[in-house]
Amino acid sequence: MMKRLVFMSGLLFAVMLASPVFAADGKALVGSNKCGSCHQMSGPAVTTIAEIMKRKAPDLFYSGNKFNKEWLVGYIQAPTTIRPAGTVYLNNIKVEGDTDVVANVPKCASKLSAGDAGAVADYLMTLKEDMPTGTAKIGKFKKAKAKSFMFKGEACNACHVDPRKGGGISCPTFEGIGTRLNPDWLYSFLKNPQHWDPKVWMAKRDFEEKDLQLMVNYLSSLK
Amino acid sequence: MKDIRIFKVTAVIAFVVAMFFGNVPSADAAEKAADNYKLYCVQCHGTAGTGKWVNAPYLAVAPRNHVSAKDMSALSDDSVFKAIKSGGPAVGKSTQMPPFGGILSDAEVSGLVKHLRAMCKCKGK
């Protein structure tokens, strides 16, 4: 009887260590590490400028749509700077004379172990919102055409840093964007940024489908 | 008599609900022009409106100096409205001025035109 009880307890313990509990651990780690003190962990997104000015870090309640899990695991262990002027650029600029300069950009304090980062990433990947129809079609594309459209035409690097061309800093860098973001989410965001973030300062443009695919392919190639 | 009492109670409840929930902000609610300017325009035109923000060096065309009475008085209110709403190409200017009509209502764009006139202390041509 005792042996059977020990065996059953061992079996139960083994089951608890199995993958379904991994996600629960990740949620607990998000709570204990107070990720929610900076990130909004549940929707909907804010809808006023007053609210967006209080934003300290990007929304995570659609992480499962937005990110590539492998990138998340690395970032959670050692965060890098994605937004050179901070999450909401207006909060990190000061005026010197008649010119704006960036000052005191806060950094993400996350410094989890590889195991914990994996658990948190697993949990974050479960956070999803409805994604509008349409998907990225990743394949062969003309890089020169994409660059011409994005940089000469739309001036994307006026606000985003491109690894080769440089660029502005009020929006996330293109450096490593192909590793960071899910191409389908990228497609969706480019099509209608305000679907995900009603007050985001990236203008909604009526891109043609071929141009959307061209941009998603170029950005996804930046590893 | 009973119907009138029910009507009064319903009216009071409706009033209280309207008081509490009538001002819930939505993405469609109009923002103040100065706030819209800060969030959407400052990233290229700068806090002071001079066009000297850190993004500016990466623009092939220099952002408009909004405090220059000379530059701004050369533009009509209608063309400024069109440029904000539909982007630079709508008024024969650069694609680097993006269209904000997908974010801002016409009333908000009109508010921005007035805000720009206050910044340049000038009138449109």
# chains A, B, ... in the order shown; residues from 1 in each chain; ligands from 1
$ closest_atom_pairs --of "chain A" --to "chain B" --cutoff "7 Å" --atoms "only C-alpha atoms" --output "Markdown table"
| residue | atom | partner | partner_atom | distance |
| --- | --- | --- | --- | --- |
| A:Thr47 | CA | B:Ala27 | CA | 4.7 |
| A:Thr48 | CA | B:Ala27 | CA | 6.4 |
| A:Asp98 | CA | B:Ala48 | CA | 5.9 |
| A:Thr99 | CA | B:Lys52 | CA | 5.0 |
| A:Asp100 | CA | B:Trp53 | CA | 5.1 |
| A:Val101 | CA | B:Val54 | CA | 6.6 |
| A:Gly153 | CA | B:Thr95 | CA | 6.1 |
| A:Glu154 | CA | B:Gln96 | CA | 5.7 |
| A:Ala155 | CA | B:Gln96 | CA | 5.5 |
| A:Asn157 | CA | B:Tyr58 | CA | 6.7 |
| A:Ala158 | CA | B:Tyr58 | CA | 5.0 |
| A:Cys159 | CA | B:Asn55 | CA | 6.0 |
| A:Gly167 | CA | B:Tyr58 | CA | 5.5 |
| A:Gly168 | CA | B:Asn55 | CA | 4.1 |
| A:Ile169 | CA | B:Asn55 | CA | 6.2 |
| A:Ser170 | CA | B:Gln43 | CA | 6.3 |
| A:Pro198 | CA | B:Ala27 | CA | 6.2 |
| A:Trp201 | CA | B:Tyr40 | CA | 5.3 |
| A:Ala203 | CA | B:Phe100 | CA | 5.5 |
| A:Lys204 | CA | B:Gly102 | CA | 5.4 |
| A:Arg205 | CA | B:Pro99 | CA | 6.7 |
$ write_last_selection --atoms "C-alpha atoms" --output "short mmCIF file (atom, residue, chain, number, x, y, z; two decimals), in the first residue's frame"
data_model
loop_
_atom_site.label_atom_id
_atom_site.label_comp_id
_atom_site.auth_asym_id
_atom_site.auth_seq_id
_atom_site.Cartn_x
_atom_site.Cartn_y
_atom_site.Cartn_z
CA THR A 47 -7.66 54.83 -26.79
CA THR A 48 -6.66 58.31 -25.62
CA ASP A 98 14.81 74.98 -30.71
CA THR A 99 15.91 71.35 -31.11
CA ASP A 100 14.63 68.18 -29.43
CA VAL A 101 17.09 65.70 -27.96
CA GLY A 153 8.94 56.65 -51.36
CA GLU A 154 7.48 56.16 -47.93
CA ALA A 155 10.50 57.35 -45.92
CA ASN A 157 13.58 55.32 -42.03
CA ALA A 158 12.46 58.81 -41.09
CA CYS A 159 11.10 57.20 -37.93
CA GLY A 167 17.13 56.40 -39.46
CA GLY A 168 14.94 58.23 -37.00
CA ILE A 169 14.25 57.10 -33.50
CA SER A 170 10.62 57.76 -32.61
CA PRO A 198 -5.55 52.96 -31.71
CA TRP A 201 1.70 57.56 -34.06
CA ALA A 203 -0.03 56.87 -39.91
CA LYS A 204 -2.39 54.40 -41.54
CA ARG A 205 -1.65 54.25 -45.25
#
$ residues_around --residues "segment 57-66 of chain A" --least-positions-apart "2" --cutoff "10 Å" --atoms "only C-alpha atoms" --output "PDB file with N, CA and C atoms, in the first residue's frame"
ATOM      1  N   CYS A  35       5.961  42.187 -14.361  1.00  0.00           N
ATOM      2  CA  CYS A  35       5.989  42.662 -15.754  1.00  0.00           C
ATOM      3  C   CYS A  35       4.822  43.619 -16.013  1.00  0.00           C
ATOM      4  N   GLY A  36       3.707  43.338 -15.337  1.00  0.00           N
ATOM      5  CA  GLY A  36       2.509  44.152 -15.533  1.00  0.00           C
ATOM      6  C   GLY A  36       2.615  45.560 -14.980  1.00  0.00           C
ATOM      7  N   SER A  37       3.680  45.844 -14.235  1.00  0.00           N
ATOM      8  CA  SER A  37       3.815  47.215 -13.723  1.00  0.00           C
ATOM      9  C   SER A  37       4.231  48.170 -14.849  1.00  0.00           C
ATOM     10  N   CYS A  38       4.816  47.624 -15.903  1.00  0.00           N
ATOM     11  CA  CYS A  38       5.183  48.458 -17.061  1.00  0.00           C
ATOM     12  C   CYS A  38       4.367  48.078 -18.306  1.00  0.00           C
ATOM     13  N   HIS A  39       4.166  46.783 -18.516  1.00  0.00           N
ATOM     14  CA  HIS A  39       3.465  46.304 -19.714  1.00  0.00           C
ATOM     15  C   HIS A  39       1.974  46.114 -19.433  1.00  0.00           C
ATOM     16  N   GLN A  40       1.136  46.425 -20.401  1.00  0.00           N
ATOM     17  CA  GLN A  40      -0.283  46.095 -20.293  1.00  0.00           C
ATOM     18  C   GLN A  40      -0.439  44.636 -20.711  1.00  0.00           C
ATOM     19  N   MET A  41      -0.928  43.815 -19.775  1.00  0.00           N
ATOM     20  CA  MET A  41      -0.974  42.376 -20.006  1.00  0.00           C
ATOM     21  C   MET A  41      -2.333  41.885 -20.499  1.00  0.00           C
ATOM     22  N   SER A  42      -3.336  42.750 -20.487  1.00  0.00           N
ATOM     23  CA  SER A  42      -4.643  42.349 -21.015  1.00  0.00           C
ATOM     24  C   SER A  42      -5.262  43.517 -21.778  1.00  0.00           C
ATOM     25  N   GLY A  43      -6.046  43.169 -22.803  1.00  0.00           N
ATOM     26  CA  GLY A  43      -6.651  44.194 -23.652  1.00  0.00           C
ATOM     27  C   GLY A  43      -7.893  44.786 -23.042  1.00  0.00           C
ATOM     28  N   PRO A  44      -8.530  45.720 -23.678  1.00  0.00           N
ATOM     29  CA  PRO A  44      -8.127  46.306 -24.953  1.00  0.00           C
ATOM     30  C   PRO A  44      -7.048  47.376 -24.798  1.00  0.00           C
ATOM     31  N   ALA A  45      -6.467  47.780 -25.917  1.00  0.00           N
ATOM     32  CA  ALA A  45      -5.441  48.825 -25.897  1.00  0.00           C
ATOM     33  C   ALA A  45      -6.072  50.162 -25.517  1.00  0.00           C
ATOM     34  N   VAL A  46      -5.245  51.053 -25.022  1.00  0.00           N
ATOM     35  CA  VAL A  46      -5.749  52.373 -24.631  1.00  0.00           C
ATOM     36  C   VAL A  46      -6.190  53.157 -25.867  1.00  0.00           C
ATOM     37  N   LYS A  54       0.923  57.568 -20.482  1.00  0.00           N
ATOM     38  CA  LYS A  54       1.260  56.855 -19.245  1.00  0.00           C
ATOM     39  C   LYS A  54       1.904  55.505 -19.536  1.00  0.00           C
ATOM     40  N   ARG A  55       1.951  55.137 -20.806  1.00  0.00           N
ATOM     41  CA  ARG A  55       2.501  53.824 -21.168  1.00  0.00           C
ATOM     42  C   ARG A  55       4.012  53.791 -20.890  1.00  0.00           C
ATOM     43  N   ASN A  68       8.135  36.300 -32.425  1.00  0.00           N
ATOM     44  CA  ASN A  68       8.679  34.965 -32.637  1.00  0.00           C
ATOM     45  C   ASN A  68       9.182  34.492 -31.278  1.00  0.00           C
ATOM     46  N   LYS A  69       8.789  33.304 -30.869  1.00  0.00           N
ATOM     47  CA  LYS A  69       9.091  32.827 -29.515  1.00  0.00           C
ATOM     48  C   LYS A  69      10.602  32.792 -29.232  1.00  0.00           C
ATOM     49  N   LEU A  72      11.836  36.071 -28.206  1.00  0.00           N
ATOM     50  CA  LEU A  72      11.353  36.434 -26.864  1.00  0.00           C
ATOM     51  C   LEU A  72      12.230  35.809 -25.787  1.00  0.00           C
ATOM     52  N   ARG A  83      13.389  50.457 -29.055  1.00  0.00           N
ATOM     53  CA  ARG A  83      12.907  51.806 -29.373  1.00  0.00           C
ATOM     54  C   ARG A  83      13.935  52.811 -28.844  1.00  0.00           C
ATOM     55  N   GLY A  86      12.694  55.325 -26.539  1.00  0.00           N
ATOM     56  CA  GLY A  86      11.778  54.824 -25.517  1.00  0.00           C
ATOM     57  C   GLY A  86      10.427  54.425 -26.087  1.00  0.00           C
ATOM     58  N   THR A  87       9.600  53.847 -25.222  1.00  0.00           N
ATOM     59  CA  THR A  87       8.309  53.325 -25.678  1.00  0.00           C
ATOM     60  C   THR A  87       7.421  54.426 -26.241  1.00  0.00           C
ATOM     61  N   VAL A  88       7.290  55.509 -25.501  1.00  0.00           N
ATOM     62  CA  VAL A  88       6.549  56.678 -25.994  1.00  0.00           C
ATOM     63  C   VAL A  88       7.574  57.812 -26.098  1.00  0.00           C
ATOM     64  N   PRO A 106      14.342  54.873 -20.318  1.00  0.00           N
ATOM     65  CA  PRO A 106      14.350  53.733 -19.394  1.00  0.00           C
ATOM     66  C   PRO A 106      14.565  52.410 -20.135  1.00  0.00           C
ATOM     67  N   LYS A 107      15.216  51.455 -19.457  1.00  0.00           N
ATOM     68  CA  LYS A 107      15.458  50.153 -20.088  1.00  0.00           C
ATOM     69  C   LYS A 107      14.677  49.071 -19.362  1.00  0.00           C
ATOM     70  N   CYS A 108      14.335  48.009 -20.093  1.00  0.00           N
ATOM     71  CA  CYS A 108      13.624  46.881 -19.493  1.00  0.00           C
ATOM     72  C   CYS A 108      14.547  46.196 -18.496  1.00  0.00           C
ATOM     73  N   ALA A 121       8.188  33.052 -21.998  1.00  0.00           N
ATOM     74  CA  ALA A 121       7.908  33.143 -23.441  1.00  0.00           C
ATOM     75  C   ALA A 121       6.759  32.206 -23.815  1.00  0.00           C
ATOM     76  N   ASP A 122       6.754  30.996 -23.231  1.00  0.00           N
ATOM     77  CA  ASP A 122       5.655  30.066 -23.503  1.00  0.00           C
ATOM     78  C   ASP A 122       4.316  30.701 -23.107  1.00  0.00           C
ATOM     79  N   TYR A 123       4.307  31.331 -21.952  1.00  0.00           N
ATOM     80  CA  TYR A 123       3.072  31.969 -21.488  1.00  0.00           C
ATOM     81  C   TYR A 123       2.687  33.135 -22.401  1.00  0.00           C
ATOM     82  N   LEU A 124       3.667  33.976 -22.722  1.00  0.00           N
ATOM     83  CA  LEU A 124       3.355  35.144 -23.557  1.00  0.00           C
ATOM     84  C   LEU A 124       2.814  34.729 -24.924  1.00  0.00           C
ATOM     85  N   MET A 125       3.319  33.623 -25.423  1.00  0.00           N
ATOM     86  CA  MET A 125       2.845  33.163 -26.743  1.00  0.00           C
ATOM     87  C   MET A 125       1.389  32.685 -26.706  1.00  0.00           C
ATOM     88  N   THR A 126       0.858  32.491 -25.489  1.00  0.00           N
ATOM     89  CA  THR A 126      -0.565  32.114 -25.397  1.00  0.00           C
ATOM     90  C   THR A 126      -1.472  33.350 -25.433  1.00  0.00           C
ATOM     91  N   LEU A 127      -0.870  34.543 -25.308  1.00  0.00           N
ATOM     92  CA  LEU A 127      -1.672  35.775 -25.275  1.00  0.00           C
ATOM     93  C   LEU A 127      -1.931  36.239 -26.708  1.00  0.00           C
ATOM     94  N   LYS A 128      -3.157  36.052 -27.144  1.00  0.00           N
ATOM     95  CA  LYS A 128      -3.484  36.385 -28.533  1.00  0.00           C
ATOM     96  C   LYS A 128      -4.798  37.163 -28.629  1.00  0.00           C
ATOM     97  N   GLU A 129      -4.873  37.966 -29.663  1.00  0.00           N
ATOM     98  CA  GLU A 129      -6.096  38.691 -29.997  1.00  0.00           C
ATOM     99  C   GLU A 129      -6.514  38.254 -31.407  1.00  0.00           C
ATOM    100  N   ASP A 130      -7.727  38.618 -31.782  1.00  0.00           N
ATOM    101  CA  ASP A 130      -8.170  38.306 -33.141  1.00  0.00           C
ATOM    102  C   ASP A 130      -7.282  39.039 -34.146  1.00  0.00           C
ATOM    103  N   MET A 131      -6.784  38.303 -35.123  1.00  0.00           N
ATOM    104  CA  MET A 131      -5.944  38.913 -36.156  1.00  0.00           C
ATOM    105  C   MET A 131      -6.792  39.100 -37.412  1.00  0.00           C
ATOM    106  N   ARG A 180      12.601  39.187 -34.755  1.00  0.00           N
ATOM    107  CA  ARG A 180      11.736  39.598 -33.643  1.00  0.00           C
ATOM    108  C   ARG A 180      10.248  39.329 -33.887  1.00  0.00           C
ATOM    109  N   LEU A 181       9.789  39.662 -35.083  1.00  0.00           N
ATOM    110  CA  LEU A 181       8.335  39.691 -35.307  1.00  0.00           C
ATOM    111  C   LEU A 181       7.821  38.597 -36.231  1.00  0.00           C
ATOM    112  N   ASN A 182       6.607  38.157 -35.925  1.00  0.00           N
ATOM    113  CA  ASN A 182       5.883  37.210 -36.764  1.00  0.00           C
ATOM    114  C   ASN A 182       5.458  37.931 -38.055  1.00  0.00           C
ATOM    115  N   PRO A 183       5.852  37.436 -39.225  1.00  0.00           N
ATOM    116  CA  PRO A 183       5.531  38.130 -40.481  1.00  0.00           C
ATOM    117  C   PRO A 183       4.035  38.396 -40.666  1.00  0.00           C
ATOM    118  N   ASP A 184       3.186  37.491 -40.198  1.00  0.00           N
ATOM    119  CA  ASP A 184       1.735  37.700 -40.352  1.00  0.00           C
ATOM    120  C   ASP A 184       1.262  38.902 -39.529  1.00  0.00           C
ATOM    121  N   TRP A 185       1.836  39.046 -38.347  1.00  0.00           N
ATOM    122  CA  TRP A 185       1.467  40.209 -37.519  1.00  0.00           C
ATOM    123  C   TRP A 185       1.995  41.488 -38.149  1.00  0.00           C
ATOM    124  N   LEU A 186       3.211  41.407 -38.662  1.00  0.00           N
ATOM    125  CA  LEU A 186       3.822  42.557 -39.323  1.00  0.00           C
ATOM    126  C   LEU A 186       2.942  43.024 -40.483  1.00  0.00           C
ATOM    127  N   SER A 188      -0.239  42.535 -40.800  1.00  0.00           N
ATOM    128  CA  SER A 188      -1.459  43.093 -40.225  1.00  0.00           C
ATOM    129  C   SER A 188      -1.223  44.508 -39.691  1.00  0.00           C
ATOM    130  N   PHE A 189      -0.078  44.717 -39.038  1.00  0.00           N
ATOM    131  CA  PHE A 189       0.231  46.029 -38.461  1.00  0.00           C
ATOM    132  C   PHE A 189       0.455  47.063 -39.565  1.00  0.00           C
ATOM    133  N   TRP A 196      -4.225  47.484 -33.833  1.00  0.00           N
ATOM    134  CA  TRP A 196      -3.523  46.946 -32.670  1.00  0.00           C
ATOM    135  C   TRP A 196      -3.325  47.992 -31.589  1.00  0.00           C
ATOM    136  N   ASP A 197      -3.183  49.224 -32.016  1.00  0.00           N
ATOM    137  CA  ASP A 197      -2.877  50.296 -31.059  1.00  0.00           C
ATOM    138  C   ASP A 197      -3.535  51.581 -31.566  1.00  0.00           C
TER     139      ASP A 197
END
$ select_by_dssp --residues "chain A" --states "helix (DSSP H, G or I)" --output "PyMOL selection string"
chain A and resi 2-17+19-32+35-37+49-52+63-66+69-77+89-92+114-124+143-153+156-158+177-180+183-191+193-196+209-220
$ residues_around --residues "Asn33 of chain A" --least-positions-apart "5" --cutoff "10 Å" --atoms "only C-alpha atoms" --output "list in words"
Lys27, Ala28, Ala109, Ser110, Lys111 and Leu112 of chain A
$ write_last_selection --atoms "N, CA, C and O atoms" --output "PDB file, in the first residue's frame"
ATOM      1  N   LYS A  27       3.217  32.299 -16.296  1.00  0.00           N
ATOM      2  CA  LYS A  27       2.262  33.311 -15.822  1.00  0.00           C
ATOM      3  C   LYS A  27       2.635  33.767 -14.418  1.00  0.00           C
ATOM      4  O   LYS A  27       2.601  34.960 -14.105  1.00  0.00           O
ATOM      5  N   ALA A  28       3.017  32.792 -13.582  1.00  0.00           N
ATOM      6  CA  ALA A  28       3.413  33.136 -12.217  1.00  0.00           C
ATOM      7  C   ALA A  28       4.665  34.015 -12.228  1.00  0.00           C
ATOM      8  O   ALA A  28       4.772  34.983 -11.461  1.00  0.00           O
ATOM      9  N   ALA A 109      14.034  45.941 -17.297  1.00  0.00           N
ATOM     10  CA  ALA A 109      14.866  45.397 -16.226  1.00  0.00           C
ATOM     11  C   ALA A 109      14.906  43.869 -16.218  1.00  0.00           C
ATOM     12  O   ALA A 109      15.571  43.274 -15.369  1.00  0.00           O
ATOM     13  N   SER A 110      14.223  43.235 -17.153  1.00  0.00           N
ATOM     14  CA  SER A 110      14.148  41.772 -17.155  1.00  0.00           C
ATOM     15  C   SER A 110      15.534  41.140 -17.251  1.00  0.00           C
ATOM     16  O   SER A 110      16.372  41.556 -18.044  1.00  0.00           O
ATOM     17  N   LYS A 111      15.771  40.153 -16.399  1.00  0.00           N
ATOM     18  CA  LYS A 111      17.070  39.473 -16.407  1.00  0.00           C
ATOM     19  C   LYS A 111      16.853  38.045 -15.924  1.00  0.00           C
ATOM     20  O   LYS A 111      17.447  37.620 -14.932  1.00  0.00           O
ATOM     21  N   LEU A 112      15.983  37.329 -16.597  1.00  0.00           N
ATOM     22  CA  LEU A 112      15.629  35.981 -16.142  1.00  0.00           C
ATOM     23  C   LEU A 112      16.618  34.937 -16.657  1.00  0.00           C
ATOM     24  O   LEU A 112      17.316  35.158 -17.646  1.00  0.00           O
TER      25      LEU A 112
END
$ atom_distance --atom1 "atom CA of Cys171 of chain A" --atom2 "atom CA of Ala85 of chain A"
7.6 Å
$ select_by_dssp --residues "segment 17-200 of chain A" --states "strand (DSSP E)" --output "list of chain:residue names"
A:Ile93, A:Lys94, A:Val95, A:Glu96, A:Thr99, A:Asp100, A:Val101, A:Val102
$ closest_residue --among "A:Phe207, A:Val102, A:Glu175, A:Asn192" --to "Thr80 of chain A" --atoms "only C-alpha atoms"
A:Glu175
$ atom_distance --atom1 "atom CA of Gln213 of chain A" --atom2 "atom CA of Gln194 of chain A"
18.9 Å
$ residues_around --residues "Ala144 of chain A" --least-positions-apart "3" --cutoff "12 Å" --atoms "only C-alpha atoms" --output "list in words"
Phe141, Lys147, Ser148, Phe149, Met150, Phe151, Lys152, Leu214, Met215, Asn217 and Tyr218 of chain A
$ write_last_selection --atoms "N, CA, C and O atoms" --output "PDB file, in the first residue's frame"
ATOM      1  N   PHE A 141      11.830  38.046 -53.354  1.00  0.00           N
ATOM      2  CA  PHE A 141      11.367  39.412 -53.594  1.00  0.00           C
ATOM      3  C   PHE A 141      12.554  40.242 -54.066  1.00  0.00           C
ATOM      4  O   PHE A 141      13.709  39.836 -53.907  1.00  0.00           O
ATOM      5  N   LYS A 147      13.539  48.479 -51.092  1.00  0.00           N
ATOM      6  CA  LYS A 147      14.249  49.615 -50.495  1.00  0.00           C
ATOM      7  C   LYS A 147      13.802  50.933 -51.116  1.00  0.00           C
ATOM      8  O   LYS A 147      13.621  51.930 -50.422  1.00  0.00           O
ATOM      9  N   SER A 148      13.642  50.909 -52.438  1.00  0.00           N
ATOM     10  CA  SER A 148      13.226  52.133 -53.131  1.00  0.00           C
ATOM     11  C   SER A 148      11.840  52.561 -52.643  1.00  0.00           C
ATOM     12  O   SER A 148      11.607  53.742 -52.345  1.00  0.00           O
ATOM     13  N   PHE A 149      10.929  51.595 -52.542  1.00  0.00           N
ATOM     14  CA  PHE A 149       9.564  51.900 -52.097  1.00  0.00           C
ATOM     15  C   PHE A 149       9.561  52.404 -50.652  1.00  0.00           C
ATOM     16  O   PHE A 149       8.914  53.404 -50.324  1.00  0.00           O
ATOM     17  N   MET A 150      10.315  51.715 -49.804  1.00  0.00           N
ATOM     18  CA  MET A 150      10.250  52.037 -48.376  1.00  0.00           C
ATOM     19  C   MET A 150      11.047  53.281 -47.983  1.00  0.00           C
ATOM     20  O   MET A 150      10.627  54.037 -47.105  1.00  0.00           O
ATOM     21  N   PHE A 151      12.189  53.469 -48.627  1.00  0.00           N
ATOM     22  CA  PHE A 151      13.040  54.565 -48.161  1.00  0.00           C
ATOM     23  C   PHE A 151      12.942  55.828 -49.030  1.00  0.00           C
ATOM     24  O   PHE A 151      12.909  56.931 -48.501  1.00  0.00           O
ATOM     25  N   LYS A 152      12.866  55.643 -50.341  1.00  0.00           N
ATOM     26  CA  LYS A 152      12.714  56.835 -51.192  1.00  0.00           C
ATOM     27  C   LYS A 152      11.259  57.280 -51.222  1.00  0.00           C
ATOM     28  O   LYS A 152      10.959  58.460 -51.218  1.00  0.00           O
ATOM     29  N   LEU A 214       5.754  43.223 -50.289  1.00  0.00           N
ATOM     30  CA  LEU A 214       7.148  43.630 -50.545  1.00  0.00           C
ATOM     31  C   LEU A 214       7.798  44.091 -49.239  1.00  0.00           C
ATOM     32  O   LEU A 214       8.924  43.693 -48.905  1.00  0.00           O
ATOM     33  N   MET A 215       7.082  44.903 -48.481  1.00  0.00           N
ATOM     34  CA  MET A 215       7.630  45.432 -47.223  1.00  0.00           C
ATOM     35  C   MET A 215       7.812  44.325 -46.191  1.00  0.00           C
ATOM     36  O   MET A 215       8.833  44.285 -45.494  1.00  0.00           O
ATOM     37  N   ASN A 217       8.296  41.197 -46.724  1.00  0.00           N
ATOM     38  CA  ASN A 217       9.418  40.352 -47.132  1.00  0.00           C
ATOM     39  C   ASN A 217      10.749  41.022 -46.809  1.00  0.00           C
ATOM     40  O   ASN A 217      11.667  40.371 -46.294  1.00  0.00           O
ATOM     41  N   TYR A 218      10.858  42.324 -47.097  1.00  0.00           N
ATOM     42  CA  TYR A 218      12.117  43.022 -46.809  1.00  0.00           C
ATOM     43  C   TYR A 218      12.390  43.015 -45.293  1.00  0.00           C
ATOM     44  O   TYR A 218      13.481  42.653 -44.843  1.00  0.00           O
TER      45      TYR A 218
END
